[in-house]
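Structure file entry_29.cif (mmCIF, C-alpha atoms and all ligand atoms) follows.
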```cif
data_my_file
#
loop_
_atom_site.label_atom_id
_atom_site.label_comp_id
_atom_site.auth_asym_id
_atom_site.auth_seq_id
_atom_site.Cartn_x
_atom_site.Cartn_y
_atom_site.Cartn_z
CA MET U 1 30.93 88.43 -40.85
CA PHE U 2 30.08 85.24 -42.76
CA GLY U 3 32.04 85.98 -45.92
CA ARG U 4 30.08 87.22 -48.92
CA PRO U 5 27.20 84.94 -49.76
CA ASN U 6 26.66 84.77 -53.50
CA VAL U 7 23.23 83.18 -53.53
CA PHE U 8 20.20 83.70 -51.33
CA VAL U 9 17.79 80.84 -51.64
CA THR U 10 14.32 82.12 -51.03
CA THR U 11 10.81 80.84 -50.79
CA PRO U 12 8.35 82.14 -53.40
CA ASP U 13 7.23 84.87 -50.98
CA ALA U 14 10.89 85.91 -50.62
CA SER U 15 11.23 85.15 -46.91
CA LYS U 16 14.87 84.06 -46.59
CA ARG U 17 15.53 80.46 -45.63
CA VAL U 18 18.97 79.46 -46.76
CA ILE U 19 21.98 81.45 -47.83
CA MET U 20 24.47 79.74 -50.12
CA GLY U 21 28.01 80.94 -50.60
CA ASP U 22 31.04 79.82 -52.55
CA GLU U 23 34.18 80.98 -50.80
CA ALA U 24 32.54 81.32 -47.44
CA PHE U 25 31.14 77.83 -47.07
CA LYS U 26 33.51 75.51 -48.88
CA PRO U 27 33.98 72.02 -47.49
CA GLY U 28 36.26 72.14 -44.49
CA TRP U 29 34.38 74.91 -42.74
CA PRO U 30 32.94 74.10 -39.33
CA THR U 31 29.46 72.65 -39.42
CA SER U 32 28.38 73.09 -35.83
CA THR U 33 28.95 74.61 -32.46
CA MET U 34 30.95 71.62 -31.28
CA GLU U 35 33.19 71.78 -34.31
CA LEU U 36 33.43 75.57 -34.21
CA MET U 37 34.42 75.49 -30.57
CA GLY U 38 36.86 72.73 -31.33
CA LYS U 39 38.56 74.64 -34.13
CA ASN U 40 38.61 77.94 -32.29
CA SER U 41 39.83 76.62 -29.04
CA PHE U 42 41.12 73.24 -28.31
CA ILE U 43 39.85 70.18 -30.05
CA GLY U 44 39.82 70.35 -33.87
CA ILE U 45 37.73 67.24 -34.29
CA SER U 46 36.89 65.09 -37.27
CA TYR U 47 33.42 63.81 -38.18
CA GLU U 48 34.20 60.40 -36.65
CA GLU U 49 35.59 61.95 -33.47
CA HIS U 50 32.47 64.07 -33.14
CA LYS U 51 30.28 60.96 -33.45
CA ARG U 52 32.35 59.23 -30.81
CA LEU U 53 32.17 62.22 -28.45
CA ARG U 54 28.41 62.43 -28.77
CA ARG U 55 27.93 58.71 -28.24
CA LEU U 56 29.96 58.79 -25.05
CA THR U 57 28.71 62.06 -23.57
CA VAL U 58 25.04 62.57 -24.38
CA ALA U 59 23.45 59.98 -22.05
CA PRO U 60 24.86 61.51 -18.82
CA VAL U 61 23.20 64.82 -19.77
CA ASN U 62 19.92 64.04 -21.44
CA GLY U 63 18.96 60.46 -20.53
CA TYR U 64 15.76 60.03 -18.51
CA GLU U 65 17.63 58.64 -15.50
CA ALA U 66 20.04 61.55 -15.51
CA LEU U 67 17.20 64.07 -15.83
CA SER U 68 15.24 62.56 -12.94
CA LEU U 69 18.35 62.76 -10.81
CA TYR U 70 18.98 66.41 -11.69
CA MET U 71 15.37 67.43 -11.10
CA THR U 72 15.65 67.58 -7.32
CA PHE U 73 18.83 69.58 -7.52
CA ILE U 74 17.37 72.01 -10.05
CA GLY U 75 14.21 72.41 -7.93
CA GLU U 76 16.14 73.09 -4.73
CA ASN U 77 18.35 75.68 -6.38
CA VAL U 78 15.45 77.47 -8.06
CA ALA U 79 13.51 77.57 -4.78
CA VAL U 80 16.46 78.97 -2.82
CA ALA U 81 17.25 81.56 -5.51
CA LEU U 82 13.67 82.83 -5.74
CA GLU U 83 13.43 83.10 -1.96
CA GLU U 84 16.68 85.06 -1.88
CA TRP U 85 15.73 87.38 -4.76
CA SER U 86 12.28 88.09 -3.35
CA SER U 87 13.63 89.00 0.05
CA ALA U 88 16.30 91.29 -1.44
CA GLY U 89 13.77 94.15 -1.52
CA GLU U 90 15.78 95.98 -4.16
CA PRO U 91 15.20 95.36 -7.88
CA LEU U 92 17.74 93.02 -9.43
CA GLU U 93 18.84 92.18 -12.96
CA LEU U 94 16.89 89.01 -13.63
CA LEU U 95 19.10 88.01 -16.55
CA THR U 96 22.31 88.37 -14.54
CA GLN U 97 20.82 86.35 -11.70
CA LEU U 98 19.60 83.68 -14.10
CA HIS U 99 23.07 83.40 -15.64
CA LYS U 100 24.45 82.75 -12.18
CA LEU U 101 21.71 80.29 -11.36
CA THR U 102 21.99 78.26 -14.57
CA PHE U 103 25.79 78.30 -14.28
CA ARG U 104 25.55 77.02 -10.72
CA ILE U 105 23.17 74.27 -11.77
CA ILE U 106 25.26 73.14 -14.71
CA ILE U 107 28.60 73.29 -12.92
CA PHE U 108 27.23 71.38 -9.95
CA ILE U 109 25.63 68.76 -12.10
CA PHE U 110 28.82 68.20 -14.05
CA LEU U 111 31.34 68.62 -11.32
CA SER U 112 29.60 68.30 -8.00
CA SER U 113 30.31 70.87 -5.30
CA LYS U 114 34.11 70.80 -5.48
CA ALA U 115 34.27 72.79 -8.69
CA LEU U 116 32.17 75.61 -7.24
CA LYS U 117 35.28 76.70 -5.37
CA ALA U 118 37.29 76.66 -8.57
CA ARG U 119 35.04 78.86 -10.67
CA LYS U 120 37.52 81.73 -10.95
CA LYS U 121 40.21 79.57 -12.42
CA VAL U 122 38.09 77.02 -14.14
CA VAL U 123 40.75 75.30 -16.17
CA ASP U 124 43.35 75.10 -13.39
CA GLY U 125 40.57 74.08 -11.09
CA LEU U 126 39.46 71.34 -13.45
CA HIS U 127 43.00 70.02 -13.79
CA SER U 128 43.49 69.86 -10.07
CA ILE U 129 40.08 68.30 -9.47
CA LEU U 130 40.79 65.67 -12.11
CA TYR U 131 44.17 64.95 -10.57
CA GLN U 132 42.61 64.52 -7.13
CA ARG U 133 39.82 62.36 -8.49
CA ARG U 134 42.24 60.09 -10.28
CA ASN U 135 44.30 59.74 -7.12
CA ARG U 136 41.24 59.05 -5.01
CA VAL U 137 39.90 56.48 -7.45
CA LYS U 138 43.32 54.83 -7.70
CA HIS U 139 43.54 54.73 -3.93
CA GLU U 140 40.06 53.21 -3.67
CA ASP U 141 40.97 50.80 -6.44
CA ASP U 142 44.12 49.70 -4.66
CA SER U 143 42.25 49.19 -1.45
CA GLY U 144 39.54 47.30 -3.36
CA LYS U 145 36.68 49.62 -2.36
CA GLN U 146 35.69 50.87 -5.78
CA GLN U 147 36.57 50.19 -9.38
CA LEU U 148 36.40 53.07 -11.80
CA GLY U 149 33.89 52.31 -14.50
CA LYS U 150 31.99 49.75 -12.46
CA ASN U 151 30.57 51.62 -9.51
CA LYS U 152 28.32 54.62 -9.13
CA LYS U 153 29.83 57.97 -10.24
CA VAL U 154 29.18 61.19 -8.37
CA ASP U 155 28.96 63.50 -11.39
CA MET U 156 29.67 63.85 -15.07
CA MET U 157 33.42 64.24 -14.54
CA GLU U 158 33.57 60.78 -13.01
CA GLU U 159 31.30 59.44 -15.75
CA LEU U 160 33.77 60.73 -18.31
CA MET U 161 36.74 59.31 -16.43
CA GLY U 162 35.18 55.86 -16.56
CA VAL U 163 33.65 55.80 -20.00
CA GLU U 164 35.31 53.67 -22.72
CA ASP U 165 34.70 53.41 -26.44
CA GLU U 166 34.39 50.09 -28.28
CA ASN U 167 38.19 49.83 -28.52
CA GLY U 168 38.58 50.22 -24.78
CA ARG U 169 39.96 53.74 -25.18
CA LYS U 170 39.31 56.17 -22.34
CA PHE U 171 39.34 59.96 -22.42
CA ARG U 172 42.59 61.73 -21.61
CA ASP U 173 42.53 64.52 -19.00
CA GLU U 174 42.72 67.19 -21.73
CA GLU U 175 39.73 65.69 -23.49
CA ILE U 176 37.67 65.52 -20.31
CA ILE U 177 38.39 69.16 -19.52
CA ASN U 178 37.55 70.23 -23.07
CA ILE U 179 34.27 68.35 -22.99
CA LEU U 180 33.33 69.80 -19.61
CA LEU U 181 34.18 73.32 -20.72
CA MET U 182 32.16 72.91 -23.87
CA TYR U 183 29.12 71.73 -21.93
CA LEU U 184 29.55 74.42 -19.30
CA ASN U 185 29.74 77.04 -21.98
CA ALA U 186 26.94 75.73 -24.18
CA GLY U 187 24.77 74.74 -21.27
CA HIS U 188 24.06 77.78 -19.14
CA GLU U 189 23.82 80.99 -21.12
CA SER U 190 21.19 79.82 -23.59
CA SER U 191 19.01 78.42 -20.80
CA ALA U 192 19.29 81.67 -18.81
CA HIS U 193 18.19 83.73 -21.80
CA VAL U 194 15.25 81.57 -22.71
CA THR U 195 14.15 81.40 -19.06
CA MET U 196 14.26 85.18 -18.77
CA TRP U 197 12.26 85.68 -21.96
CA ALA U 198 9.67 83.08 -21.03
CA THR U 199 9.19 84.78 -17.64
CA VAL U 200 8.97 88.25 -19.18
CA LEU U 201 6.66 87.18 -22.01
CA LEU U 202 4.31 85.50 -19.56
CA HIS U 203 4.13 88.65 -17.47
CA GLN U 204 3.54 90.76 -20.58
CA HIS U 205 0.59 88.52 -21.52
CA PRO U 206 -1.65 88.35 -18.45
CA ASP U 207 -4.08 85.85 -20.02
CA CYS U 208 -1.21 83.42 -20.69
CA LEU U 209 0.18 84.07 -17.21
CA CYS U 210 -3.19 83.31 -15.64
CA LYS U 211 -3.65 80.07 -17.60
CA ALA U 212 -0.11 78.86 -16.82
CA ARG U 213 -0.53 79.76 -13.14
CA GLU U 214 -3.81 77.84 -12.86
CA GLU U 215 -2.19 74.80 -14.40
CA SER U 216 0.84 74.92 -12.10
CA GLU U 217 -1.35 75.42 -9.02
CA GLU U 218 -3.43 72.43 -10.09
CA VAL U 219 -0.26 70.31 -10.22
CA VAL U 220 0.50 71.29 -6.62
CA ARG U 221 -3.11 70.61 -5.53
CA ARG U 222 -3.07 67.13 -7.09
CA ARG U 223 0.00 66.08 -5.16
CA PRO U 224 -0.39 63.82 -2.14
CA ALA U 225 -0.03 65.80 1.10
CA HIS U 226 3.42 64.42 1.87
CA GLN U 227 4.69 65.65 -1.50
CA LYS U 228 3.52 69.26 -1.26
CA ASP U 229 7.14 70.33 -0.90
CA LEU U 230 7.99 71.96 -4.21
CA CYS U 231 11.59 70.81 -4.05
CA LYS U 232 10.33 67.30 -4.68
CA LEU U 233 9.29 68.08 -8.24
CA GLN U 234 9.71 65.05 -10.47
CA ALA U 235 10.91 65.12 -14.07
CA LEU U 236 7.75 63.28 -15.06
CA GLU U 237 5.53 65.85 -13.37
CA ILE U 238 7.23 68.73 -15.17
CA ARG U 239 6.65 67.00 -18.46
CA GLN U 240 2.94 66.72 -17.69
CA ILE U 241 2.55 70.48 -17.45
CA ASP U 242 1.04 70.78 -20.87
CA TYR U 243 0.38 74.51 -21.24
CA LEU U 244 3.74 75.43 -19.73
CA SER U 245 5.55 73.30 -22.28
CA LYS U 246 3.67 75.23 -25.01
CA VAL U 247 4.80 78.48 -23.38
CA ILE U 248 8.38 77.23 -23.61
CA ASP U 249 8.02 76.15 -27.26
CA GLU U 250 6.41 79.47 -28.12
CA THR U 251 9.23 81.33 -26.37
CA LEU U 252 11.80 79.30 -28.29
CA ARG U 253 10.00 80.21 -31.50
CA PHE U 254 9.35 83.83 -30.58
CA ILE U 255 12.78 84.91 -29.44
CA THR U 256 15.97 84.04 -31.20
CA PHE U 257 18.94 83.35 -29.07
CA SER U 258 22.32 83.92 -30.74
CA LEU U 259 23.15 80.24 -31.11
CA VAL U 260 19.86 79.90 -32.88
CA VAL U 261 20.27 82.84 -35.26
CA PHE U 262 21.84 80.50 -37.79
CA ILE U 263 23.54 77.17 -38.12
CA PHE U 264 25.68 75.64 -40.82
CA LYS U 265 24.54 72.38 -42.32
CA GLU U 266 26.40 70.34 -44.89
CA ALA U 267 24.61 68.89 -47.90
CA LYS U 268 25.30 65.15 -47.85
CA THR U 269 23.97 64.82 -51.41
CA ASP U 270 23.00 67.38 -54.06
CA VAL U 271 19.89 69.07 -52.68
CA ASP U 272 17.33 70.78 -54.90
CA THR U 273 15.44 73.48 -53.09
CA CYS U 274 13.42 76.45 -54.27
CA GLY U 275 14.86 76.30 -57.76
CA TYR U 276 18.50 76.06 -56.62
CA THR U 277 20.80 73.11 -56.23
CA ILE U 278 23.02 72.97 -53.18
CA PRO U 279 25.90 70.76 -54.34
CA LYS U 280 27.03 67.87 -52.17
CA GLY U 281 29.63 68.96 -49.64
CA TRP U 282 28.54 72.61 -49.57
CA ARG U 283 27.53 74.26 -46.35
CA ALA U 284 24.17 75.93 -46.21
CA LEU U 285 23.51 78.56 -43.63
CA VAL U 286 20.07 78.10 -42.12
CA TRP U 287 18.69 81.47 -41.09
CA PHE U 288 16.36 80.82 -38.17
CA TRP U 289 14.68 84.20 -38.21
CA GLY U 290 13.18 83.35 -41.58
CA VAL U 291 12.02 79.95 -40.37
CA ARG U 292 10.45 80.90 -37.05
CA LEU U 293 8.57 83.86 -38.48
CA ASP U 294 7.27 82.06 -41.56
CA PRO U 295 3.56 82.99 -41.73
CA GLU U 296 2.75 79.81 -43.64
CA VAL U 297 3.80 77.73 -40.65
CA TYR U 298 3.00 80.22 -37.89
CA PRO U 299 0.05 82.46 -38.73
CA ASN U 300 0.48 85.92 -37.21
CA PRO U 301 4.09 85.00 -36.38
CA ARG U 302 4.92 88.14 -34.42
CA ALA U 303 2.25 87.40 -31.82
CA PHE U 304 3.23 85.50 -28.68
CA TYR U 305 0.52 82.86 -28.63
CA PRO U 306 1.36 79.59 -26.80
CA SER U 307 -2.01 78.06 -27.71
CA ARG U 308 -0.96 77.96 -31.35
CA TRP U 309 0.81 74.75 -30.29
CA ASP U 310 -2.52 73.06 -29.41
CA ASN U 311 -2.89 71.68 -32.91
CA LEU U 312 0.37 72.68 -34.52
CA LYS U 313 2.58 69.86 -35.72
CA PRO U 314 5.47 71.66 -37.39
CA LYS U 315 6.93 69.89 -40.40
CA ALA U 316 10.55 68.78 -40.24
CA GLY U 317 12.86 71.77 -40.32
CA THR U 318 10.26 74.38 -39.39
CA PHE U 319 10.91 74.36 -35.64
CA PRO U 320 14.64 73.98 -35.07
CA PRO U 321 15.44 75.85 -31.83
CA PHE U 322 17.85 73.07 -30.89
CA GLY U 323 19.25 72.57 -34.38
CA ALA U 324 18.93 69.34 -36.28
CA GLY U 325 20.68 66.19 -37.41
CA SER U 326 23.81 64.72 -35.91
CA HIS U 327 24.73 68.00 -34.21
CA MET U 328 21.35 68.63 -32.63
CA CYS U 329 21.67 70.12 -29.16
CA PRO U 330 22.31 67.27 -26.70
CA GLY U 331 21.04 69.41 -23.82
CA ASN U 332 17.54 70.00 -25.23
CA ASP U 333 15.56 67.99 -22.66
CA PHE U 334 17.80 69.17 -19.85
CA ALA U 335 17.22 72.79 -20.88
CA LYS U 336 13.45 72.36 -21.13
CA ILE U 337 13.28 70.79 -17.70
CA GLU U 338 15.39 73.54 -16.19
CA ILE U 339 13.23 76.26 -17.76
CA ALA U 340 9.99 74.51 -16.82
CA ALA U 341 11.13 74.12 -13.21
CA PHE U 342 11.93 77.80 -12.92
CA LEU U 343 8.63 78.88 -14.49
CA HIS U 344 6.64 76.47 -12.35
CA TYR U 345 8.19 77.79 -9.14
CA ILE U 346 7.71 81.40 -10.10
CA LEU U 347 4.10 80.76 -11.16
CA VAL U 348 3.03 79.17 -7.91
CA GLY U 349 4.85 81.51 -5.58
CA TYR U 350 6.13 84.73 -7.12
CA GLU U 351 5.45 87.63 -9.41
CA LEU U 352 7.81 89.66 -11.55
CA GLU U 353 7.62 93.45 -11.51
CA LEU U 354 9.71 95.02 -14.27
CA VAL U 355 11.33 98.31 -13.27
CA ASN U 356 11.41 99.52 -16.91
CA PRO U 357 8.59 97.76 -18.73
CA GLU U 358 9.29 99.73 -21.92
CA CYS U 359 13.03 99.11 -21.83
CA PRO U 360 14.49 98.92 -25.37
CA ILE U 361 15.93 95.64 -26.58
CA GLN U 362 19.61 95.20 -27.36
CA TYR U 363 19.94 92.57 -30.11
CA LEU U 364 23.62 91.62 -30.08
CA PRO U 365 25.19 89.40 -29.04
CA HIS U 366 21.88 88.05 -27.70
CA PRO U 367 18.52 89.79 -27.60
CA ARG U 368 17.95 91.17 -24.13
CA PRO U 369 16.42 94.23 -22.47
CA LYS U 370 19.15 96.88 -22.21
CA ASP U 371 18.74 96.93 -18.43
CA ASN U 372 19.30 93.15 -18.25
CA CYS U 373 15.70 92.82 -17.14
CA LEU U 374 15.84 94.89 -13.97
CA ALA U 375 12.96 93.62 -11.86
CA ARG U 376 11.55 92.95 -8.42
CA ILE U 377 10.63 89.39 -7.59
CA LYS U 378 7.65 89.52 -5.23
CA LYS U 379 6.56 86.60 -3.15
CA ILE U 380 2.81 86.07 -3.50
CA SER U 381 2.25 82.69 -1.91
CA GLN U 382 3.69 80.36 0.71
CA HIS U 383 4.09 77.71 -2.00
CA GLY U 384 7.16 79.56 -3.26
C1 LIG U 401 17.25 76.75 -24.26
C2 LIG U 401 18.49 76.34 -24.20
C3 LIG U 401 19.32 75.87 -25.38
C4 LIG U 401 19.20 76.19 -26.71
C5 LIG U 401 18.18 77.11 -27.39
C6 LIG U 401 20.24 75.45 -27.42
C7 LIG U 401 20.43 75.48 -28.79
C8 LIG U 401 21.45 74.81 -29.44
C9 LIG U 401 21.66 74.82 -30.89
C10 LIG U 401 20.79 75.54 -31.92
C11 LIG U 401 22.76 74.08 -31.15
C12 LIG U 401 23.37 73.81 -32.54
C13 LIG U 401 22.72 72.53 -33.12
C14 LIG U 401 23.09 72.21 -34.56
O1 LIG U 401 24.22 72.53 -35.00
O2 LIG U 401 22.24 71.61 -35.28
C15 LIG U 401 23.25 73.58 -29.88
C16 LIG U 401 24.36 72.79 -29.74
C17 LIG U 401 24.84 72.34 -28.53
N1 LIG U 401 24.27 72.49 -27.28
FE1 LIG U 401 22.58 73.52 -26.90
N2 LIG U 401 20.98 74.74 -26.48
C18 LIG U 401 20.44 74.96 -25.24
C19 LIG U 401 20.86 74.40 -24.03
C20 LIG U 401 21.92 73.52 -23.89
C21 LIG U 401 22.29 72.85 -22.66
C22 LIG U 401 21.54 72.99 -21.31
C23 LIG U 401 23.41 72.09 -22.93
C24 LIG U 401 24.19 71.19 -22.02
C25 LIG U 401 23.71 70.62 -20.96
C26 LIG U 401 23.73 72.30 -24.34
C27 LIG U 401 24.82 71.74 -24.98
C28 LIG U 401 25.06 71.86 -26.34
C29 LIG U 401 26.21 71.25 -27.04
C30 LIG U 401 27.34 70.45 -26.37
C31 LIG U 401 26.07 71.54 -28.39
C32 LIG U 401 26.99 71.10 -29.53
C33 LIG U 401 26.42 69.78 -30.14
C34 LIG U 401 27.15 69.23 -31.38
O3 LIG U 401 27.73 70.01 -32.13
O4 LIG U 401 27.13 67.99 -31.56
N3 LIG U 401 22.81 73.16 -24.88
N4 LIG U 401 22.44 74.03 -28.85
#
```
What would you get if you wrote out this structure as structure tokens?
Amino acid sequence: MFGRPNVFVTTPDASKRVIMGDEAFKPGWPTSTMELMGKNSFIGISYEEHKRLRRLTVAPVNGYEALSLYMTFIGENVAVALEEWSSAGEPLELLTQLHKLTFRIIIFIFLSSKALKARKKVVDGLHSILYQRRNRVKHEDDSGKQQLGKNKKVDMMEELMGVEDENGRKFRDEEIINILLMYLNAGHESSAHVTMWATVLLHQHPDCLCKAREESEEVVRRRPAHQKDLCKLQALEIRQIDYLSKVIDETLRFITFSLVVFIFKEAKTDVDTCGYTIPKGWRALVWFWGVRLDPEVYPNPRAFYPSRWDNLKPKAGTFPPFGAGSHMCPGNDFAKIEIAAFLHYILVGYELELVNPECPIQYLPHPRPKDNCLARIKKISQHG
């Protein structure tokens, strides 16, 4: 699959960390998801172009202002979904439902409600939405109501239409669509998986579930009476839920989502590691399973134990669920907020009942219970 690696770089205890290859990882190979997607599909971007893309597109996704704005929308959607699932009566595939939910959240946040109608033909839909938007903005421009790039945008598509680099260059339609597709693709499946695993792991560890539930209920109790409505969750409040954030970190360490099975990284200089030299320009393949289960960093690594994060300050490179360096996942804070919101809502109002608690795991392409986590969502409190 990855070509034939000719060198495995190992730690003294032989847990694999980095695989080096000659033919497989010569300079010119993709170094990241963004580049991979570019080469395989539509963009084919250079290092400079990647830097430019990140500079122009990360703030609308992960900036504090953007996150605060999205919080209400995420909360409302989670609340409605849980209500719907719990009243279904029948068991449902939690993973399938979470895919739909995270897709709805991400597509709405990037494209507002219009694109929901275009889901079946996303690309055609995006083209036609862009065309309409440009016409509308031009019309508003002509009539002096709004100037693109100066007034408030309704979603990420409009942000991208207005954004300019230092040379005054704007994105072309093709580029906007490619960026949106990349974010849509990268931004929903991973979150759905991690959310499902965090929910399942909590329910499989009743002591952790109890502790997380107490904490979430305390957050609701502390709120002023007029803010008891759960849909009014604030980004700041989510970030204050200390134990829950450890549950999320532990889930990210404990399970390995496909994107996080490995990443390519390029050596910018000759790197000496574990008795080997990775020459400048070579790609190293970082094998996350070796990193996240390293007993020197995580004692008893196969135990799900969120409290290990009480005093744990992982050294650089030992906790890379979102990658590292210039390609690090730009949706990391967004994803954590989305997962935390879901867990918080389920903790204060619902319970998960797995139909097949002993269901075997299917590992490829992503680890998941073979039944897609068939479960009943039971309402246990009016908070939900
Ligand atoms: C729990 C959820 C998520 C996980 C575990 C995750 C993990 C990752 C990882 C490991 C990478 C590769 C980083 C590297 O090469 O060093 C990545 C890249 C990326 N992720 Fe995420 N991600 C998640 C959610 C999201 C979300 C919600 C978005 C969008 C809102 C997003 C957008 C992207 C993009 C665009 C890239 C490519 C970045 C680049 O190459 O510059 N991800 N993600």
Problem set entry | Residue contacts of Gly325 in chain U (12 Å, all atoms listed in the file) excluding same-chain residues fewer than 3 positions away, as a PyMOL selection string | chain U and resi 31-32+51+263-268+316-317+320+322+328-330
Give, as lines of an AutoDock Vina configuration file, the centre coordinates and the x, y and z edge lengths in Å to one decimal for an axis-aligned box around all listed atoms of range 305-314 of chain U, padded by 6 Å on each side.
```
center_x = 1.3
center_y = 76.4
center_z = -32.1
size_x = 20.4
size_y = 25.0
size_z = 22.6
```
For this session: Can you pull out every residue within 10 Å of Phe254 in chain U, counting only C-alpha atoms, but drop anything in the same chain fewer than 4 positions away, and send it as a PyMOL selection string?
Result: chain U and resi 197-198+201+248-250+289+292-293+301-306
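Note that the spacing between CA of Glu358 in chain U and CA of Ser245 in chain U amounts to 26.7 Å.
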Problem set entry | Test item: residues at most 6 Å from range 183-189 of chain U, only C-alpha atoms, excluding those fewer than 2 positions along its chain, as a ChimeraX atom specification | /U:102-103,180-181,191-192
Keeping only C-alpha atoms, write those residues as a PDB file, in the frame of the given file.
```pdb
ATOM      1  CA  THR U 102      21.990  78.260 -14.570  1.00  0.00           C
ATOM      2  CA  PHE U 103      25.790  78.300 -14.280  1.00  0.00           C
ATOM      3  CA  LEU U 180      33.330  69.800 -19.610  1.00  0.00           C
ATOM      4  CA  LEU U 181      34.180  73.320 -20.720  1.00  0.00           C
ATOM      5  CA  SER U 191      19.010  78.420 -20.800  1.00  0.00           C
ATOM      6  CA  ALA U 192      19.290  81.670 -18.810  1.00  0.00           C
TER       7      ALA U 192
END
```
For this session: Could you tell me which of U:Lys170, U:Lys336, U:Arg222, U:Lys138 comes closest to ligand LIG 401 (chain U) if we count all atoms listed in the file?
Result: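 That would be U:Lys336, the residue with the smallest distance to ligand LIG 401 (chain U).
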For this session: Please provide the set of residues having any atom within 8 Å of Ala341 in chain U, restricted to all atoms listed in the file, with same-chain residues fewer than 3 positions apart removed, written as an NGL selection string.
Result: :U and (74-75 or 78 or 238 or 337-338 or 344-345)
Problem set entry | From U:Leu354, U:Ala340, U:Ala212, U:Ile377, residue lying nearest ligand LIG 401 (chain U) [only C-alpha atoms and all ligand atoms] | U:Ala340
Exercise. Do you know which residues are at most 9 Å from Val348 in chain U counting all atoms listed in the file, after dropping those on the same chain fewer than 2 positions away, and could you put them as number ranges by chain?
Worked result: U: 213-214, 216-217, 220, 343-346, 350-351, 380-384
Problem set entry | For ligand LIG 401 (chain U), the nearest of the candidates U:Trp85, U:Tyr47, U:Tyr131, U:Tyr243, counting only C-alpha atoms and all ligand atoms | U:Tyr47
Exercise. Which residue, U:Gly162, U:Gly331, U:Pro91, U:Pro224, has the smallest gap to ligand LIG 401 (chain U) when you use all atoms listed in the file?
Worked result: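 Under the stated criterion, the closest residue is U:Gly331.
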Exercise. Taking into account only C-alpha atoms, which residue in the set U:Asp294, U:Glu218, U:Glu159, U:Glu90 is nearest to Ile176 in chain U?
Worked result: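 Under the stated criterion, the closest residue is U:Glu159.
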For this session: Measure the distance from CA of Ala284 in chain U to atom C8 of ligand LIG 401 (chain U) in Å and round it to one decimal.
Result: 17.0 Å
Exercise. Around (29.7, 61.4, -22.2) in the file's frame, which residues reach within 9 Å when counting all atoms listed in the file? Return as a PyMOL selection string?
Worked result: chain U and resi 53-61+156-157+159-160+163+179
For this session: Could you please determine the separation between CA of Ser307 in chain U and CA of Val247 in chain U in Å, to one decimal place?
Result: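 One can read the CA of Ser307 in chain U to CA of Val247 in chain U distance as 8.1 Å.
Take the candidates U:Asn356, U:Asn178, U:Thr269, U:Asn311 and check each one against ligand LIG 401 (chain U) using all atoms listed in the file; the shortest distance goes to U:Asn178.
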Could you rebuild range 328-339 of chain U with N, CA and C atoms and give me the result as a tab-separated table (two decimals), in the frame of the given file?
```
chain	number	residue	atom	x	y	z
U	328	MET	N	22.44	68.05	-33.41
U	328	MET	CA	21.35	68.63	-32.63
U	328	MET	C	21.74	68.76	-31.16
U	329	CYS	N	21.27	69.82	-30.53
U	329	CYS	CA	21.67	70.12	-29.16
U	329	CYS	C	21.44	68.92	-28.23
U	330	PRO	N	22.48	68.41	-27.59
U	330	PRO	CA	22.31	67.27	-26.70
U	330	PRO	C	21.71	67.66	-25.36
U	331	GLY	N	21.57	68.98	-25.12
U	331	GLY	CA	21.04	69.41	-23.82
U	331	GLY	C	19.59	69.85	-23.92
U	332	ASN	N	18.89	69.47	-25.01
U	332	ASN	CA	17.54	70.00	-25.23
U	332	ASN	C	16.56	69.64	-24.11
U	333	ASP	N	16.52	68.38	-23.72
U	333	ASP	CA	15.56	67.99	-22.66
U	333	ASP	C	15.99	68.58	-21.32
U	334	PHE	N	17.28	68.58	-21.09
U	334	PHE	CA	17.80	69.17	-19.85
U	334	PHE	C	17.37	70.62	-19.76
U	335	ALA	N	17.56	71.36	-20.88
U	335	ALA	CA	17.22	72.79	-20.88
U	335	ALA	C	15.73	72.99	-20.63
U	336	LYS	N	14.91	72.18	-21.29
U	336	LYS	CA	13.45	72.36	-21.13
U	336	LYS	C	13.02	72.10	-19.69
U	337	ILE	N	13.63	71.10	-19.09
U	337	ILE	CA	13.28	70.79	-17.70
U	337	ILE	C	13.70	71.92	-16.77
U	338	GLU	N	14.88	72.46	-17.03
U	338	GLU	CA	15.39	73.54	-16.19
U	338	GLU	C	14.47	74.77	-16.31
U	339	ILE	N	14.09	75.09	-17.54
U	339	ILE	CA	13.23	76.26	-17.76
U	339	ILE	C	11.86	76.02	-17.14
```
